[in-house]
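Notes for the one structure printed next.
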Amino acid sequence: MRLSKSFVPTLKEVPNDAVVASHVYMLRAGMVRMLSAGIYSFLPLGYKVIKKISQIIREEMDAIGGQEFHLPGLNPREIWEETNRVEAFGDTMFHIKNREYILAPTHEEIMTFHARNVLKSYKDLPQIWYQIQTKFRNEARPRSGVIRGRQFLMKDSYSFDATWEELDKSYELHDKAYRNIFDRCNLKYFVVGASSGAMGGTGSEEFMVKSDAGEDTVAYCENCGYAANVEVAQSKIPSRKRDKNSLELNEISTPNVKSIDELCLFLKIDETECAKSRVYIYDDKPVLILMCGNDEVNEVKLEKVLGGKIRPAHIEELKEITGADAGSIGPIGFKGRIIIDIRLKEANNLYSGANKNDFHIGGIDLKRDLNDPEYFDLRIVKSGEGCPNCDENLEVFSAIELGHIFKLGTKYSVAMGANFLDESGKENPIIMGSYGIGVERVMACYIEQHHDENGIIWDNTLAPFQVQLISLNMKKPEVVEVSEKIYDDLTLNGITVLFDDRIDAQAGFKFKDADLLGMPFQVIVGEKKLKDKKVEVKIRKSGERFDVDLSELLGKMKELIKLKC
Ligand code: ATP
Ligand code: MG
């Protein structure tokens with residue numbers, strides 16, 4: 001492809017609203033343009049990458065026996081009402097104005113619709129059906145470019161099985177296919193699985209990559225691969241030890257001391273000697289939570305313990321419930337349920353608020369001074385704490401979900417009446433799984449992981465072209481002649497080439513664009529080196545440059561493309 005005739009509108013400046021690297025570079029490299037918030041057009045260069053990713057996905061899905069469908073994005077609303085998902089999706093679902101139709105945010109219902117009319121006997125099972133298709137979701141805060149779009153491409157597949165054991169097999173096949181897909185795309189990913197509790201053990205795994213653009217926070221152990229959403233993550237952290245002797249309760253005047261740090265400074269104590277109190281409202285009643293030092297309450301864990309929705313008590317409520325403001329609340333004299341983080345299980349000689357402004361109480365022995373308190377793991381884990389599975393430390397960071405595999409079970413088949421007859425002639429609901437990959441997210445995450453300050457660094461698998469051929473002077477006939485010949489030779493030999501044959505662009509501009517677009521190899525044709533019948537080759541990833549004899553260029557490029565990147 002010749003740059004002089006192509007639509008590759010590169011940008012020198014970072015567009016205003018773009019913050020994350022993939023968004024910046026997809027815009028700057030002329031790969032996408034925004035049409036409206038969360039809605040992007042893919043331009044020719046960007047679309048080439050999407051097609052390459054889609055091809056890898058197709059190959060791996062076909063390899064596990066997947067059959068490709070293409071379902072409509074425009075769906076009759078009534079099918080979605082069979083599963084109550086018009087209500088479940090709420091504002092995220094796009095409705096066509098007359099409300100008879102919706103734009104599909106996913107396709108469980110439509111696949112089940114087809115299954116119920118076809119898969120009638122155990123002999124028709126198992127099946128794996130997939131598609132790579134546009135999804136529509138009215139995301140509240142579309143951001144980070146194509147990472148969270150209102151219209152995006154998803155590979156979604158669905159398995160239909162007769163038994164739970166068969167579902168396990170379909171799930172395993174997808175797990176393997178997903179690993180192959182992400183490995184082939186050269187993505188460094190990790191898997192947050194059901195075993196870590198992320199989905200309550202229903203059989204689900206999320207394939208994630210570390211990224212500042214991510215909206216999930218995960219705890220990850222590089223050593224053993226433990227990965228869990230911070231909402232459920234655990235860590236090894238020493239408990240507060242019990243002192244030999246318990247002191248008497250004693251009230252201490254602590255004027256203007258509100259935080260744990262201020263209390264430690266004022267009393268010259270360690271933060272693990274303090275019990276921090278938080279009051280939540282559950283079921284219209286106050287619950288006091290005691291944490292060690294500066295540990296934070298994990299509200300998801302707390303909701304699991306309590307069995308329902310909670311909310312922090314408002315400032316006015318706090319005063320009413322405890323008689324004090326937030327910085328002076330404590331367990332002694334608190335009327336209501338008290339739940340304590342497991343780290344404090346044996347603790348005595350603790351300091352906490354006195355439920356009286358500007359006073360704290362020392363010498364608290366939880367066993368002695370409280371009636372039957374309950375202990376649970378309620379902490380938010382932090383970076384540097386011990387992995388629960390091995391001896392290394394956890395790292396806590398933001399991550400993006402690339403893909404998701406999920407054992408649906410019979411939720412959709414029961415709701416929609418998709419039944420089959422088993423070997424004994426008995427009617428059963430089909431057992432299903434659903435599996436998604438965000439195609440644009442794969443591309444964006446690749447760029448997140450493979451770029452430098454100059455631009456994108458493609459490797460051979462996803463690169464729009466393998467080589468960027470740069471003619472440094474299209475006004476000199478000898479440079480033009482050699483460049484054209486190289487272009488023909490490489491192209492005829494099956495190497496894909498983006499030829500920077502722009503007449504008026506300066507050499508420096510061409511170099512910058514080549515680094516920005518990021519093809520794995522650059523072949524640079526200039527007057528000076530041509531005098532020795534040489535051209536320069538640059539490897540984008542390493543920045544390595546070397547001269548190659550014209551006569552050896554084709555062989556060298558074939559070798560590089562096969563061996564490197
Ligand atoms: P998220 O938690 O990021 O919103 P999700 O749980 O809603 O994701 P699924 O419904 O499981 O996602 O969809 C399958 C895949 O589709 C996701 O793993 C992700 O890669 C992709 N995806 C989901 N929402 C979007 C979006 N708004 N823009 C781009 N890709 C998306
Ligand atoms: Mg979502």
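Ordering of the structure tokens sets the chain letters (A, B, ...); residue numbers start at 1 within each chain; ligands are numbered from 1 in the order shown.
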Could you please write out, as an NGL selection string, every residue of region 407-559 of chain A that DSSP assigns to strand (DSSP E or B)?
:A and (407-409 or 419-421 or 427-429 or 431-438 or 451-452 or 455-456 or 467-471 or 497-500 or 521-525 or 534-539 or 545-549)
For the contact check between region 311-363 of chain A and region 376-379 of chain A, emit one row per residue of region 311-363 of chain A within 7 Å, containing the shortest atom pair and the distance in Å rounded to one decimal, counting only C-alpha atoms, chain then rising number order, as JSON lines.
```
{"residue": "A:Ile340", "atom": "CA", "partner": "A:Phe376", "partner_atom": "CA", "distance": 6.4}
{"residue": "A:Asp341", "atom": "CA", "partner": "A:Phe376", "partner_atom": "CA", "distance": 5.2}
{"residue": "A:Ile342", "atom": "CA", "partner": "A:Phe376", "partner_atom": "CA", "distance": 5.0}
```
What would the file look like if the residues just selected were written as a compact mmCIF listing (two decimals), in the first residue's frame with N, CA and C atoms?
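Saved to selection04.txt:
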```txt
# COMPACT_ATOMS: atom_id res chain seq x y z
N ILE A 340 -15.97 -7.58 63.67
CA ILE A 340 -14.56 -7.22 63.80
C ILE A 340 -13.73 -7.95 62.76
N ASP A 341 -12.77 -7.24 62.18
CA ASP A 341 -11.89 -7.90 61.21
C ASP A 341 -11.06 -8.96 61.92
N ILE A 342 -10.85 -10.05 61.21
CA ILE A 342 -10.19 -11.23 61.76
C ILE A 342 -8.78 -10.93 62.29
```
For ligand 1, list the contacting residues at 9 Å or closer, counting only C-alpha atoms and all ligand atoms, as a ChimeraX atom specification.
/A:38,105-106,135-139,142-143,145-156,206-208,214-216,400-406,434-442
Output for the residues just chosen: C-alpha atoms as a PDB file, in the first residue's frame:
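selection-v4.pdb, freshly written:
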```
ATOM      1  CA  GLY A  38     -18.038   5.854  22.808  1.00  0.00           C
ATOM      2  CA  PRO A 105     -25.909  -5.837  24.005  1.00  0.00           C
ATOM      3  CA  THR A 106     -25.069  -9.585  23.798  1.00  0.00           C
ATOM      4  CA  LYS A 135     -22.749  -5.159  20.309  1.00  0.00           C
ATOM      5  CA  PHE A 136     -24.506  -2.065  21.553  1.00  0.00           C
ATOM      6  CA  ARG A 137     -24.358  -0.925  25.162  1.00  0.00           C
ATOM      7  CA  ASN A 138     -25.280   2.500  26.382  1.00  0.00           C
ATOM      8  CA  GLU A 139     -22.297   2.599  28.737  1.00  0.00           C
ATOM      9  CA  PRO A 142     -17.579   5.602  27.703  1.00  0.00           C
ATOM     10  CA  ARG A 143     -13.889   6.330  27.994  1.00  0.00           C
ATOM     11  CA  GLY A 145     -11.225   5.128  23.488  1.00  0.00           C
ATOM     12  CA  VAL A 146     -12.368   1.772  22.154  1.00  0.00           C
ATOM     13  CA  ILE A 147     -11.743   0.059  25.484  1.00  0.00           C
ATOM     14  CA  ARG A 148     -15.229   1.031  26.611  1.00  0.00           C
ATOM     15  CA  GLY A 149     -17.366   1.794  23.603  1.00  0.00           C
ATOM     16  CA  ARG A 150     -21.101   2.103  23.149  1.00  0.00           C
ATOM     17  CA  GLN A 151     -20.758   0.022  20.020  1.00  0.00           C
ATOM     18  CA  PHE A 152     -18.063  -2.626  19.950  1.00  0.00           C
ATOM     19  CA  LEU A 153     -17.133  -5.933  18.389  1.00  0.00           C
ATOM     20  CA  MET A 154     -17.408  -9.034  20.495  1.00  0.00           C
ATOM     21  CA  LYS A 155     -16.563 -12.602  19.765  1.00  0.00           C
ATOM     22  CA  ASP A 156     -19.319 -14.321  21.627  1.00  0.00           C
ATOM     23  CA  GLU A 206     -11.965 -13.521  33.465  1.00  0.00           C
ATOM     24  CA  PHE A 207      -8.920 -12.978  31.280  1.00  0.00           C
ATOM     25  CA  MET A 208      -7.406  -9.677  32.318  1.00  0.00           C
ATOM     26  CA  GLY A 214      -8.678  -0.618  33.688  1.00  0.00           C
ATOM     27  CA  GLU A 215     -11.757  -0.203  35.827  1.00  0.00           C
ATOM     28  CA  ASP A 216     -11.236  -3.333  37.883  1.00  0.00           C
ATOM     29  CA  ILE A 400      -8.992  -4.512  31.974  1.00  0.00           C
ATOM     30  CA  GLU A 401     -11.141  -7.523  31.202  1.00  0.00           C
ATOM     31  CA  LEU A 402     -10.261  -8.908  27.783  1.00  0.00           C
ATOM     32  CA  GLY A 403     -12.477 -11.899  27.858  1.00  0.00           C
ATOM     33  CA  HIS A 404     -14.795 -13.904  30.016  1.00  0.00           C
ATOM     34  CA  ILE A 405     -15.802 -17.554  30.074  1.00  0.00           C
ATOM     35  CA  PHE A 406     -18.870 -18.471  32.025  1.00  0.00           C
ATOM     36  CA  SER A 434     -21.278 -18.265  27.261  1.00  0.00           C
ATOM     37  CA  TYR A 435     -17.887 -16.893  26.334  1.00  0.00           C
ATOM     38  CA  GLY A 436     -16.910 -13.381  25.214  1.00  0.00           C
ATOM     39  CA  ILE A 437     -13.865 -11.525  23.925  1.00  0.00           C
ATOM     40  CA  GLY A 438     -13.784  -7.800  23.174  1.00  0.00           C
ATOM     41  CA  VAL A 439     -12.050  -7.532  19.799  1.00  0.00           C
ATOM     42  CA  GLU A 440     -11.192  -3.817  20.010  1.00  0.00           C
ATOM     43  CA  ARG A 441     -10.025  -4.369  23.573  1.00  0.00           C
ATOM     44  CA  VAL A 442      -7.515  -6.964  22.340  1.00  0.00           C
TER      45      VAL A 442
END
```
Set the distance at 12 Å and use only C-alpha atoms: which residues neighbour Tyr487 (chain A) once local chain neighbours fewer than 4 positions away are removed? I'd like the list as a ChimeraX atom specification.
/A:1-2,467-471,480-483,491-501,523-525,553-554
Emit the selected residues as a compact mmCIF listing (two decimals), in the first residue's frame, including N, CA and C atoms.
```
# COMPACT_ATOMS: atom_id res chain seq x y z
N MET A 1 0.85 -1.19 0.00
CA MET A 1 0.00 0.00 0.00
C MET A 1 0.89 1.25 0.00
N ARG A 2 0.51 2.19 -0.84
CA ARG A 2 1.31 3.42 -0.94
C ARG A 2 0.72 4.50 -0.03
N VAL A 467 6.42 -4.46 6.77
CA VAL A 467 7.54 -3.55 6.50
C VAL A 467 7.01 -2.16 6.16
N GLN A 468 7.67 -1.15 6.69
CA GLN A 468 7.42 0.20 6.19
C GLN A 468 8.64 0.58 5.35
N LEU A 469 8.41 0.79 4.08
CA LEU A 469 9.49 1.14 3.15
C LEU A 469 9.51 2.66 3.04
N ILE A 470 10.65 3.25 3.40
CA ILE A 470 10.72 4.72 3.43
C ILE A 470 11.68 5.20 2.34
N SER A 471 11.11 5.88 1.38
CA SER A 471 11.96 6.49 0.36
C SER A 471 12.25 7.91 0.82
N VAL A 480 13.92 6.82 -6.33
CA VAL A 480 12.57 6.37 -6.69
C VAL A 480 12.65 4.99 -7.33
N GLU A 481 13.60 4.86 -8.26
CA GLU A 481 13.70 3.60 -9.00
C GLU A 481 13.98 2.41 -8.07
N VAL A 482 14.96 2.61 -7.19
CA VAL A 482 15.31 1.51 -6.27
C VAL A 482 14.14 1.23 -5.31
N SER A 483 13.53 2.29 -4.79
CA SER A 483 12.42 2.10 -3.84
C SER A 483 11.29 1.33 -4.50
N THR A 491 6.73 -7.19 -2.18
CA THR A 491 5.31 -7.48 -2.31
C THR A 491 5.09 -8.79 -3.08
N LEU A 492 5.84 -8.93 -4.18
CA LEU A 492 5.69 -10.16 -4.99
C LEU A 492 6.07 -11.40 -4.18
N ASN A 493 6.93 -11.22 -3.20
CA ASN A 493 7.34 -12.36 -2.38
C ASN A 493 6.48 -12.55 -1.14
N GLY A 494 5.35 -11.89 -1.16
CA GLY A 494 4.38 -12.14 -0.09
C GLY A 494 4.61 -11.34 1.18
N ILE A 495 5.53 -10.38 1.11
CA ILE A 495 5.75 -9.53 2.29
C ILE A 495 4.83 -8.31 2.17
N THR A 496 4.14 -7.97 3.25
CA THR A 496 3.23 -6.83 3.15
C THR A 496 3.99 -5.55 3.47
N VAL A 497 3.84 -4.56 2.60
CA VAL A 497 4.66 -3.35 2.67
C VAL A 497 3.80 -2.09 2.66
N LEU A 498 4.08 -1.21 3.59
CA LEU A 498 3.50 0.13 3.53
C LEU A 498 4.62 1.03 3.00
N PHE A 499 4.41 1.59 1.82
CA PHE A 499 5.46 2.31 1.11
C PHE A 499 5.27 3.81 1.32
N ASP A 500 6.19 4.41 2.06
CA ASP A 500 6.11 5.87 2.24
C ASP A 500 6.74 6.54 1.03
N ASP A 501 5.90 6.76 0.03
CA ASP A 501 6.35 7.33 -1.25
C ASP A 501 5.89 8.77 -1.38
N VAL A 523 12.53 -0.26 6.07
CA VAL A 523 13.61 -0.29 5.08
C VAL A 523 13.74 1.14 4.55
N ILE A 524 14.92 1.70 4.74
CA ILE A 524 15.11 3.13 4.44
C ILE A 524 16.02 3.27 3.22
N VAL A 525 15.48 3.92 2.20
CA VAL A 525 16.24 4.08 0.96
C VAL A 525 16.66 5.53 0.82
N LEU A 553 18.79 -7.86 0.15
CA LEU A 553 17.68 -7.33 0.96
C LEU A 553 16.50 -8.31 1.08
N LEU A 554 16.09 -8.87 -0.06
CA LEU A 554 14.92 -9.75 -0.02
C LEU A 554 15.15 -10.92 0.94
```
Tell me which protein, DNA and RNA residues are within 10 Å of His95 (chain A), counting only C-alpha atoms, leaving out same-chain ones fewer than 4 positions away, and put them as JSON, numbers by chain.
{"A": [74, 75, 77, 86, 91, 99, 100, 101, 102, 103, 104, 138]}
Those same residues - N, CA, C and O atoms - I'd like them written as an mmCIF file, in the first residue's frame.
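Wrote it out as out_29.cif, contents follow:
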```cif
data_model
loop_
_atom_site.group_PDB
_atom_site.id
_atom_site.type_symbol
_atom_site.label_atom_id
_atom_site.label_comp_id
_atom_site.auth_asym_id
_atom_site.auth_seq_id
_atom_site.Cartn_x
_atom_site.Cartn_y
_atom_site.Cartn_z
ATOM 1 N N LEU A 74 -30.180 -5.996 15.485
ATOM 2 C CA LEU A 74 -31.524 -5.468 15.748
ATOM 3 C C LEU A 74 -32.419 -6.631 16.164
ATOM 4 O O LEU A 74 -32.627 -7.558 15.388
ATOM 5 N N ASN A 75 -32.893 -6.583 17.385
ATOM 6 C CA ASN A 75 -33.643 -7.729 17.928
ATOM 7 C C ASN A 75 -35.050 -7.329 18.352
ATOM 8 O O ASN A 75 -35.241 -6.253 18.922
ATOM 9 N N ARG A 77 -37.892 -6.987 20.788
ATOM 10 C CA ARG A 77 -37.765 -6.842 22.244
ATOM 11 C C ARG A 77 -38.391 -8.022 22.988
ATOM 12 O O ARG A 77 -37.949 -8.426 24.052
ATOM 13 N N VAL A 86 -34.631 -7.193 29.527
ATOM 14 C CA VAL A 86 -34.849 -5.784 29.163
ATOM 15 C C VAL A 86 -34.719 -4.981 30.461
ATOM 16 O O VAL A 86 -34.021 -3.975 30.529
ATOM 17 N N ASP A 91 -30.850 0.907 31.640
ATOM 18 C CA ASP A 91 -30.426 2.000 30.767
ATOM 19 C C ASP A 91 -29.295 1.611 29.827
ATOM 20 O O ASP A 91 -28.988 2.348 28.890
ATOM 21 N N ARG A 99 -39.975 1.116 20.443
ATOM 22 C CA ARG A 99 -39.810 0.183 21.557
ATOM 23 C C ARG A 99 -40.182 -1.274 21.236
ATOM 24 O O ARG A 99 -40.254 -2.100 22.118
ATOM 25 N N GLU A 100 -40.394 -1.579 19.961
ATOM 26 C CA GLU A 100 -40.617 -2.974 19.595
ATOM 27 C C GLU A 100 -39.281 -3.680 19.414
ATOM 28 O O GLU A 100 -39.211 -4.897 19.417
ATOM 29 N N TYR A 101 -38.228 -2.896 19.227
ATOM 30 C CA TYR A 101 -36.913 -3.463 18.964
ATOM 31 C C TYR A 101 -35.876 -2.916 19.930
ATOM 32 O O TYR A 101 -36.015 -1.800 20.420
ATOM 33 N N ILE A 102 -34.859 -3.712 20.128
ATOM 34 C CA ILE A 102 -33.715 -3.228 20.899
ATOM 35 C C ILE A 102 -32.452 -3.509 20.078
ATOM 36 O O ILE A 102 -32.487 -4.293 19.133
ATOM 37 N N LEU A 103 -31.355 -2.858 20.451
ATOM 38 C CA LEU A 103 -30.075 -3.170 19.827
ATOM 39 C C LEU A 103 -29.336 -4.096 20.786
ATOM 40 O O LEU A 103 -29.156 -3.769 21.964
ATOM 41 N N ALA A 104 -28.922 -5.244 20.285
ATOM 42 C CA ALA A 104 -28.450 -6.316 21.178
ATOM 43 C C ALA A 104 -27.142 -5.971 21.890
ATOM 44 O O ALA A 104 -26.147 -5.657 21.243
ATOM 45 N N ASN A 138 -25.284 1.077 26.069
ATOM 46 C CA ASN A 138 -25.280 2.500 26.382
ATOM 47 C C ASN A 138 -24.487 2.715 27.673
ATOM 48 O O ASN A 138 -25.042 3.023 28.715
#
```
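Comparing A:Arg242, A:Met416, A:Lys485, A:Ala140 by their smallest distance to ligand 2, the closest is A:Ala140 (using only C-alpha atoms and all ligand atoms).
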Which residue gives the smallest distance to Gln127 (chain A) among A:Ile110, A:Leu516, A:Ile39, A:Ile64, with only C-alpha atoms counted?
A:Ile64
Pick out the closest residue to ligand 2 from this set: A:Ser6, A:Thr92, A:Ser239, A:Asn371. Count only C-alpha atoms and all ligand atoms.
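Closest candidate: A:Thr92.
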Find the spatial neighbours of Leu366 (chain A), counting only C-alpha atoms, within a cut-off of 7 Å - ignore same-chain residues fewer than 4 positions away - and output them as a ChimeraX atom specification.
/A:347-348,370
Would you write out those residues with C-alpha atoms, as a compact mmCIF listing (two decimals), in the first residue's frame?
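File again_32.txt, as written:
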```
# COMPACT_ATOMS: atom_id res chain seq x y z
CA ALA A 347 -6.43 -8.36 70.40
CA ASN A 348 -6.25 -6.62 73.77
CA LEU A 370 -17.53 -6.96 74.18
```
Considering only alpha helix (DSSP H) as DSSP defines it on the backbone, what residues of region 187-302 of chain A qualify? List them as a PyMOL selection string.
chain A and resi 260-267+299-302
Limited to all heavy atoms, could you put the picked residues into a file as a CSV table (one decimal), in the first residue's frame?
```csv
chain,number,residue,atom,x,y,z
A,260,ILE,N,-6.5,7.8,62.6
A,260,ILE,CA,-5.6,6.9,63.3
A,260,ILE,C,-4.2,7.4,63.3
A,260,ILE,O,-3.5,7.3,64.4
A,260,ILE,CB,-5.6,5.5,62.5
A,260,ILE,CG1,-7.0,4.9,62.6
A,260,ILE,CG2,-4.5,4.6,63.0
A,260,ILE,CD1,-7.4,4.4,64.0
A,261,ASP,N,-3.7,8.1,62.3
A,261,ASP,CA,-2.4,8.6,62.2
A,261,ASP,C,-2.2,9.7,63.3
A,261,ASP,O,-1.2,9.7,64.0
A,261,ASP,CB,-2.1,9.3,60.9
A,261,ASP,CG,-1.9,8.2,59.8
A,261,ASP,OD1,-1.7,7.0,60.2
A,261,ASP,OD2,-2.0,8.5,58.6
A,262,GLU,N,-3.2,10.5,63.5
A,262,GLU,CA,-3.1,11.6,64.6
A,262,GLU,C,-3.1,10.9,66.0
A,262,GLU,O,-2.4,11.4,66.8
A,262,GLU,CB,-4.3,12.5,64.5
A,262,GLU,CG,-4.2,13.5,63.3
A,262,GLU,CD,-5.6,14.2,62.9
A,262,GLU,OE1,-6.6,13.9,63.6
A,262,GLU,OE2,-5.5,15.0,62.0
A,263,LEU,N,-3.9,9.9,66.1
A,263,LEU,CA,-3.9,9.2,67.4
A,263,LEU,C,-2.5,8.5,67.7
A,263,LEU,O,-2.0,8.6,68.8
A,263,LEU,CB,-5.0,8.1,67.4
A,263,LEU,CG,-5.3,7.4,68.7
A,263,LEU,CD1,-5.8,8.4,69.7
A,263,LEU,CD2,-6.3,6.2,68.5
A,264,CYS,N,-1.9,7.9,66.7
A,264,CYS,CA,-0.6,7.3,66.9
A,264,CYS,C,0.4,8.3,67.3
A,264,CYS,O,1.3,8.1,68.2
A,264,CYS,CB,-0.2,6.6,65.6
A,264,CYS,SG,-1.2,5.2,65.2
A,265,LEU,N,0.4,9.5,66.6
A,265,LEU,CA,1.3,10.5,66.9
A,265,LEU,C,1.1,11.1,68.3
A,265,LEU,O,2.1,11.3,69.1
A,265,LEU,CB,1.1,11.7,65.8
A,265,LEU,CG,2.2,12.5,65.4
A,265,LEU,CD1,3.3,11.6,64.7
A,265,LEU,CD2,1.8,13.6,64.5
A,266,PHE,N,-0.2,11.3,68.7
A,266,PHE,CA,-0.5,11.9,69.9
A,266,PHE,C,-0.1,10.9,71.1
A,266,PHE,O,0.5,11.4,72.1
A,266,PHE,CB,-2.0,12.1,70.0
A,266,PHE,CG,-2.5,12.9,71.2
A,266,PHE,CD1,-2.4,14.3,71.2
A,266,PHE,CD2,-3.1,12.2,72.2
A,266,PHE,CE1,-2.8,15.0,72.3
A,266,PHE,CE2,-3.5,13.0,73.4
A,266,PHE,CZ,-3.4,14.3,73.4
A,267,LEU,N,-0.4,9.6,70.9
A,267,LEU,CA,-0.1,8.7,72.0
A,267,LEU,C,1.2,8.0,71.9
A,267,LEU,O,1.6,7.1,72.7
A,267,LEU,CB,-1.2,7.7,72.1
A,267,LEU,CG,-2.6,8.2,72.5
A,267,LEU,CD1,-3.7,7.1,72.4
A,267,LEU,CD2,-2.7,8.8,73.8
A,299,GLU,N,-16.3,-3.3,51.4
A,299,GLU,CA,-17.7,-3.3,51.5
A,299,GLU,C,-18.3,-4.5,50.8
A,299,GLU,O,-19.4,-5.0,51.2
A,299,GLU,CB,-18.3,-2.0,50.9
A,299,GLU,CG,-17.8,-0.8,51.8
A,299,GLU,CD,-18.4,0.5,51.3
A,299,GLU,OE1,-19.1,0.6,50.3
A,299,GLU,OE2,-18.1,1.5,52.0
A,300,VAL,N,-17.7,-5.1,49.8
A,300,VAL,CA,-18.2,-6.3,49.1
A,300,VAL,C,-18.2,-7.4,50.1
A,300,VAL,O,-19.1,-8.2,50.2
A,300,VAL,CB,-17.4,-6.6,47.8
A,300,VAL,CG1,-17.9,-7.9,47.2
A,300,VAL,CG2,-17.6,-5.4,46.8
A,301,LYS,N,-17.0,-7.6,50.8
A,301,LYS,CA,-16.9,-8.7,51.8
A,301,LYS,C,-17.9,-8.5,52.9
A,301,LYS,O,-18.6,-9.4,53.3
A,301,LYS,CB,-15.5,-8.7,52.4
A,301,LYS,CG,-14.4,-9.2,51.4
A,301,LYS,CD,-13.0,-9.2,52.2
A,301,LYS,CE,-11.9,-9.7,51.2
A,301,LYS,NZ,-10.6,-9.6,51.9
A,302,LEU,N,-18.1,-7.2,53.3
A,302,LEU,CA,-19.1,-7.0,54.4
A,302,LEU,C,-20.5,-7.3,54.0
A,302,LEU,O,-21.3,-7.9,54.7
A,302,LEU,CB,-19.0,-5.5,54.8
A,302,LEU,CG,-19.9,-5.1,56.0
A,302,LEU,CD1,-19.6,-5.9,57.2
A,302,LEU,CD2,-19.7,-3.6,56.3
```
What does the distance between CA of Glu273 (chain A) and CA of Lys236 (chain A) come to in Å, to one decimal place?
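These atoms are spaced 18.8 Å apart.
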Set the distance at 12 Å and use only C-alpha atoms: which residues neighbour Glu316 (chain A) once local chain neighbours fewer than 6 positions away are removed? I'd like the list as JSON, numbers by chain.
{"A": [279, 322, 323, 324, 325, 326]}
Between A:Asp422, A:Leu187, A:Val49, A:Arg141, which has the minimum distance to ligand 2 (counting only C-alpha atoms and all ligand atoms)?
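Of the candidates, the smallest distance to ligand 2 is held by A:Arg141.
The list of residues with at least one atom within 12 Å of Gly425 (chain A), based on only C-alpha atoms and without residues fewer than 2 positions apart in the same chain, reads Lys120, Ser121, Tyr122, Lys123, Asn419, Phe420, Leu421, Asp422, Glu423, Glu427 and Asn428 of chain A.
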Would you save the residues from that selection as an mmCIF file, in the first residue's frame, using N, CA, C and O atoms?
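Contents of result.cif, freshly written:
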```
data_model
loop_
_atom_site.group_PDB
_atom_site.id
_atom_site.type_symbol
_atom_site.label_atom_id
_atom_site.label_comp_id
_atom_site.auth_asym_id
_atom_site.auth_seq_id
_atom_site.Cartn_x
_atom_site.Cartn_y
_atom_site.Cartn_z
ATOM 1 N N LYS A 120 -33.146 -30.650 19.641
ATOM 2 C CA LYS A 120 -34.282 -31.278 20.328
ATOM 3 C C LYS A 120 -33.921 -32.594 21.009
ATOM 4 O O LYS A 120 -34.673 -33.102 21.820
ATOM 5 N N SER A 121 -32.764 -33.149 20.628
ATOM 6 C CA SER A 121 -32.392 -34.448 21.190
ATOM 7 C C SER A 121 -30.948 -34.412 21.658
ATOM 8 O O SER A 121 -30.150 -33.609 21.175
ATOM 9 N N TYR A 122 -30.641 -35.322 22.594
ATOM 10 C CA TYR A 122 -29.242 -35.395 23.052
ATOM 11 C C TYR A 122 -28.307 -35.666 21.876
ATOM 12 O O TYR A 122 -27.139 -35.343 21.905
ATOM 13 N N LYS A 123 -28.870 -36.269 20.799
ATOM 14 C CA LYS A 123 -28.044 -36.561 19.625
ATOM 15 C C LYS A 123 -27.610 -35.287 18.910
ATOM 16 O O LYS A 123 -26.662 -35.289 18.136
ATOM 17 N N ASN A 419 -35.468 -27.064 25.516
ATOM 18 C CA ASN A 419 -35.316 -28.389 26.117
ATOM 19 C C ASN A 419 -34.906 -29.425 25.077
ATOM 20 O O ASN A 419 -35.133 -29.242 23.887
ATOM 21 N N PHE A 420 -34.305 -30.493 25.582
ATOM 22 C CA PHE A 420 -33.959 -31.612 24.682
ATOM 23 C C PHE A 420 -34.392 -32.908 25.358
ATOM 24 O O PHE A 420 -34.600 -32.950 26.575
ATOM 25 N N LEU A 421 -34.507 -33.936 24.557
ATOM 26 C CA LEU A 421 -34.857 -35.246 25.116
ATOM 27 C C LEU A 421 -33.580 -36.031 25.361
ATOM 28 O O LEU A 421 -32.762 -36.190 24.459
ATOM 29 N N ASP A 422 -33.405 -36.513 26.596
ATOM 30 C CA ASP A 422 -32.193 -37.284 26.889
ATOM 31 C C ASP A 422 -32.364 -38.737 26.438
ATOM 32 O O ASP A 422 -33.406 -39.101 25.885
ATOM 33 N N GLU A 423 -31.353 -39.555 26.702
ATOM 34 C CA GLU A 423 -31.363 -40.937 26.196
ATOM 35 C C GLU A 423 -32.576 -41.730 26.655
ATOM 36 O O GLU A 423 -33.057 -42.617 25.972
ATOM 37 N N GLU A 427 -37.412 -35.050 29.131
ATOM 38 C CA GLU A 427 -37.121 -33.687 28.677
ATOM 39 C C GLU A 427 -36.299 -32.922 29.719
ATOM 40 O O GLU A 427 -36.645 -32.923 30.904
ATOM 41 N N ASN A 428 -35.205 -32.302 29.279
ATOM 42 C CA ASN A 428 -34.336 -31.524 30.181
ATOM 43 C C ASN A 428 -33.975 -30.205 29.523
ATOM 44 O O ASN A 428 -33.895 -30.134 28.298
#
```
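When only C-alpha atoms are used to compute distances to Leu490 (chain A), the closest of the residues A:Met557, A:Leu462, A:Ile503, A:Ile430 turns out to be A:Met557.
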Distance in Å - CA of Ala162 (chain A) versus CA of Phe69 (chain A):
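It comes out at 21.2 Å.
With only C-alpha atoms and all ligand atoms as the atoms that count, the minimum distance from ligand 2 to the choices A:Ala233, A:Leu394, A:Met432, A:Met93 is reached by A:Met93.
Atom pair CA of Val218 (chain A) / CA of Tyr158 (chain A): separated by 27.0 Å.
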